[in-house]
$ cat data-v7.cif   # mmCIF, C-alpha atoms
data_my_file
#
loop_
_atom_site.label_atom_id
_atom_site.label_comp_id
_atom_site.auth_asym_id
_atom_site.auth_seq_id
_atom_site.Cartn_x
_atom_site.Cartn_y
_atom_site.Cartn_z
CA MET A 1 -1.40 -47.86 42.68
CA SER A 2 -3.31 -47.54 45.94
CA GLY A 3 -6.84 -48.21 47.01
CA ARG A 4 -8.63 -51.37 47.94
CA GLY A 5 -6.03 -53.86 46.81
CA GLY A 6 -3.12 -51.81 45.51
CA GLU A 7 0.34 -53.24 45.35
CA ASP A 8 1.60 -50.65 47.82
CA GLY A 9 -0.12 -52.45 50.71
CA ARG A 10 -2.26 -49.49 51.76
CA GLY A 11 -5.58 -50.95 50.62
CA PHE A 12 -7.83 -53.46 52.30
CA ALA A 13 -5.72 -56.45 51.26
CA GLY A 14 -2.52 -54.92 52.64
CA SER A 15 -4.17 -53.91 55.88
CA ALA A 16 -5.79 -57.32 56.30
CA ALA A 17 -2.45 -59.02 55.66
CA ARG A 18 -0.70 -56.86 58.30
CA LEU A 19 -3.44 -57.49 60.85
CA ALA A 20 -3.53 -61.22 60.11
CA GLY A 21 0.25 -61.33 60.52
CA PHE A 22 0.00 -59.49 63.82
CA ALA A 23 -2.79 -61.75 65.03
CA GLY A 24 -0.79 -64.85 64.16
CA ALA A 25 2.67 -63.70 65.27
CA VAL A 26 1.76 -61.82 68.43
CA LEU A 27 -1.55 -63.24 69.55
CA GLY A 28 -1.09 -66.80 68.33
CA TRP A 29 -4.38 -66.71 66.43
CA SER A 30 -5.05 -69.14 63.60
CA PRO A 31 -6.23 -67.66 60.29
CA ASP A 32 -9.72 -68.95 61.10
CA ALA A 33 -9.76 -67.14 64.45
CA PHE A 34 -8.62 -63.93 62.75
CA TRP A 35 -11.33 -64.04 60.09
CA ARG A 36 -14.05 -64.94 62.63
CA ALA A 37 -13.18 -61.98 64.88
CA THR A 38 -15.21 -58.81 64.51
CA PRO A 39 -13.38 -55.53 63.83
CA ALA A 40 -14.30 -54.38 67.35
CA GLU A 41 -12.85 -57.56 68.91
CA LEU A 42 -9.65 -57.26 66.91
CA ALA A 43 -9.28 -53.56 67.76
CA ALA A 44 -9.74 -54.28 71.46
CA VAL A 45 -7.13 -57.04 71.43
CA VAL A 46 -4.64 -54.94 69.43
CA ARG A 47 -5.08 -52.06 71.90
CA ALA A 48 -4.58 -54.35 74.88
CA ALA A 49 -1.59 -56.15 73.36
CA SER A 50 0.17 -52.91 72.50
CA GLY A 51 -0.44 -51.09 75.76
CA GLY A 52 -3.41 -49.00 74.66
CA GLY A 53 -3.30 -45.42 73.53
CA GLU A 54 -3.57 -43.84 70.10
CA ALA A 55 -0.57 -45.69 68.64
CA ALA A 56 -2.33 -48.97 69.37
CA ALA A 57 -4.97 -48.19 66.74
CA MET A 58 -2.42 -48.72 63.95
CA PRO A 59 -1.40 -52.27 63.09
CA PRO A 60 2.31 -52.95 62.97
CA ASP A 61 4.08 -52.45 59.65
CA ALA A 62 6.09 -55.13 57.84
CA ALA A 63 9.39 -54.06 59.44
CA THR A 64 7.92 -54.27 62.95
CA LEU A 65 6.49 -57.72 62.24
CA ALA A 66 9.85 -58.88 60.89
CA ARG A 67 11.62 -57.67 64.05
CA MET A 68 9.02 -59.40 66.21
CA ARG A 69 9.38 -62.66 64.26
CA GLU A 70 13.14 -62.50 64.70
CA ALA A 71 12.88 -61.74 68.41
CA PHE A 72 10.21 -64.38 69.06
CA PRO A 73 10.71 -67.32 66.67
CA ASP A 74 8.21 -70.17 66.81
CA GLY A 75 11.06 -72.72 67.12
#
$ encode --input "data-v7.cif" --output "structure tokens"
Amino acid sequence: MSGRGGEDGRGFAGSAARLAGFAGAVLGWSPDAFWRATPAELAAVVRAASGGGEAAAMPPDAATLARMREAFPDG
């Protein structure tokens, strides 16, 4: 199932979860800061944090986030 909230993670809920994870893991944002940010603000920060370019428009996938969490633990 795909769409807005499909279990495959391609819908809004999956995308929001990936972006929230990125914002928390990479940017250090709290959930409140993530949800208060506008899409334009989030896009600008994601582009800047990932070096810009076309690839920066896509949020990291679950595997990338897992590697980042392993490489940069909060400990």
$ resolve_selection --input "data-v7.cif" --expression "the PyMOL selection byres ((chain A and resi 18) around 8)" --output "PyMOL selection string"
chain A and resi 14-17+19-22+59-62
$ atom_distance --input "data-v7.cif" --atom1 "CA of Ala71 (chain A)" --atom2 "CA of Ala48 (chain A)"
20.0 Å
$ resolve_selection --input "data-v7.cif" --expression "the PyMOL selection byres ((chain A and resi 25) around 9)" --output "list of chain:residue names"
A:Ala20, A:Gly21, A:Phe22, A:Ala23, A:Gly24, A:Val26, A:Leu27, A:Gly28, A:Trp29, A:Leu65, A:Met68, A:Arg69, A:Phe72, A:Pro73, A:Asp74
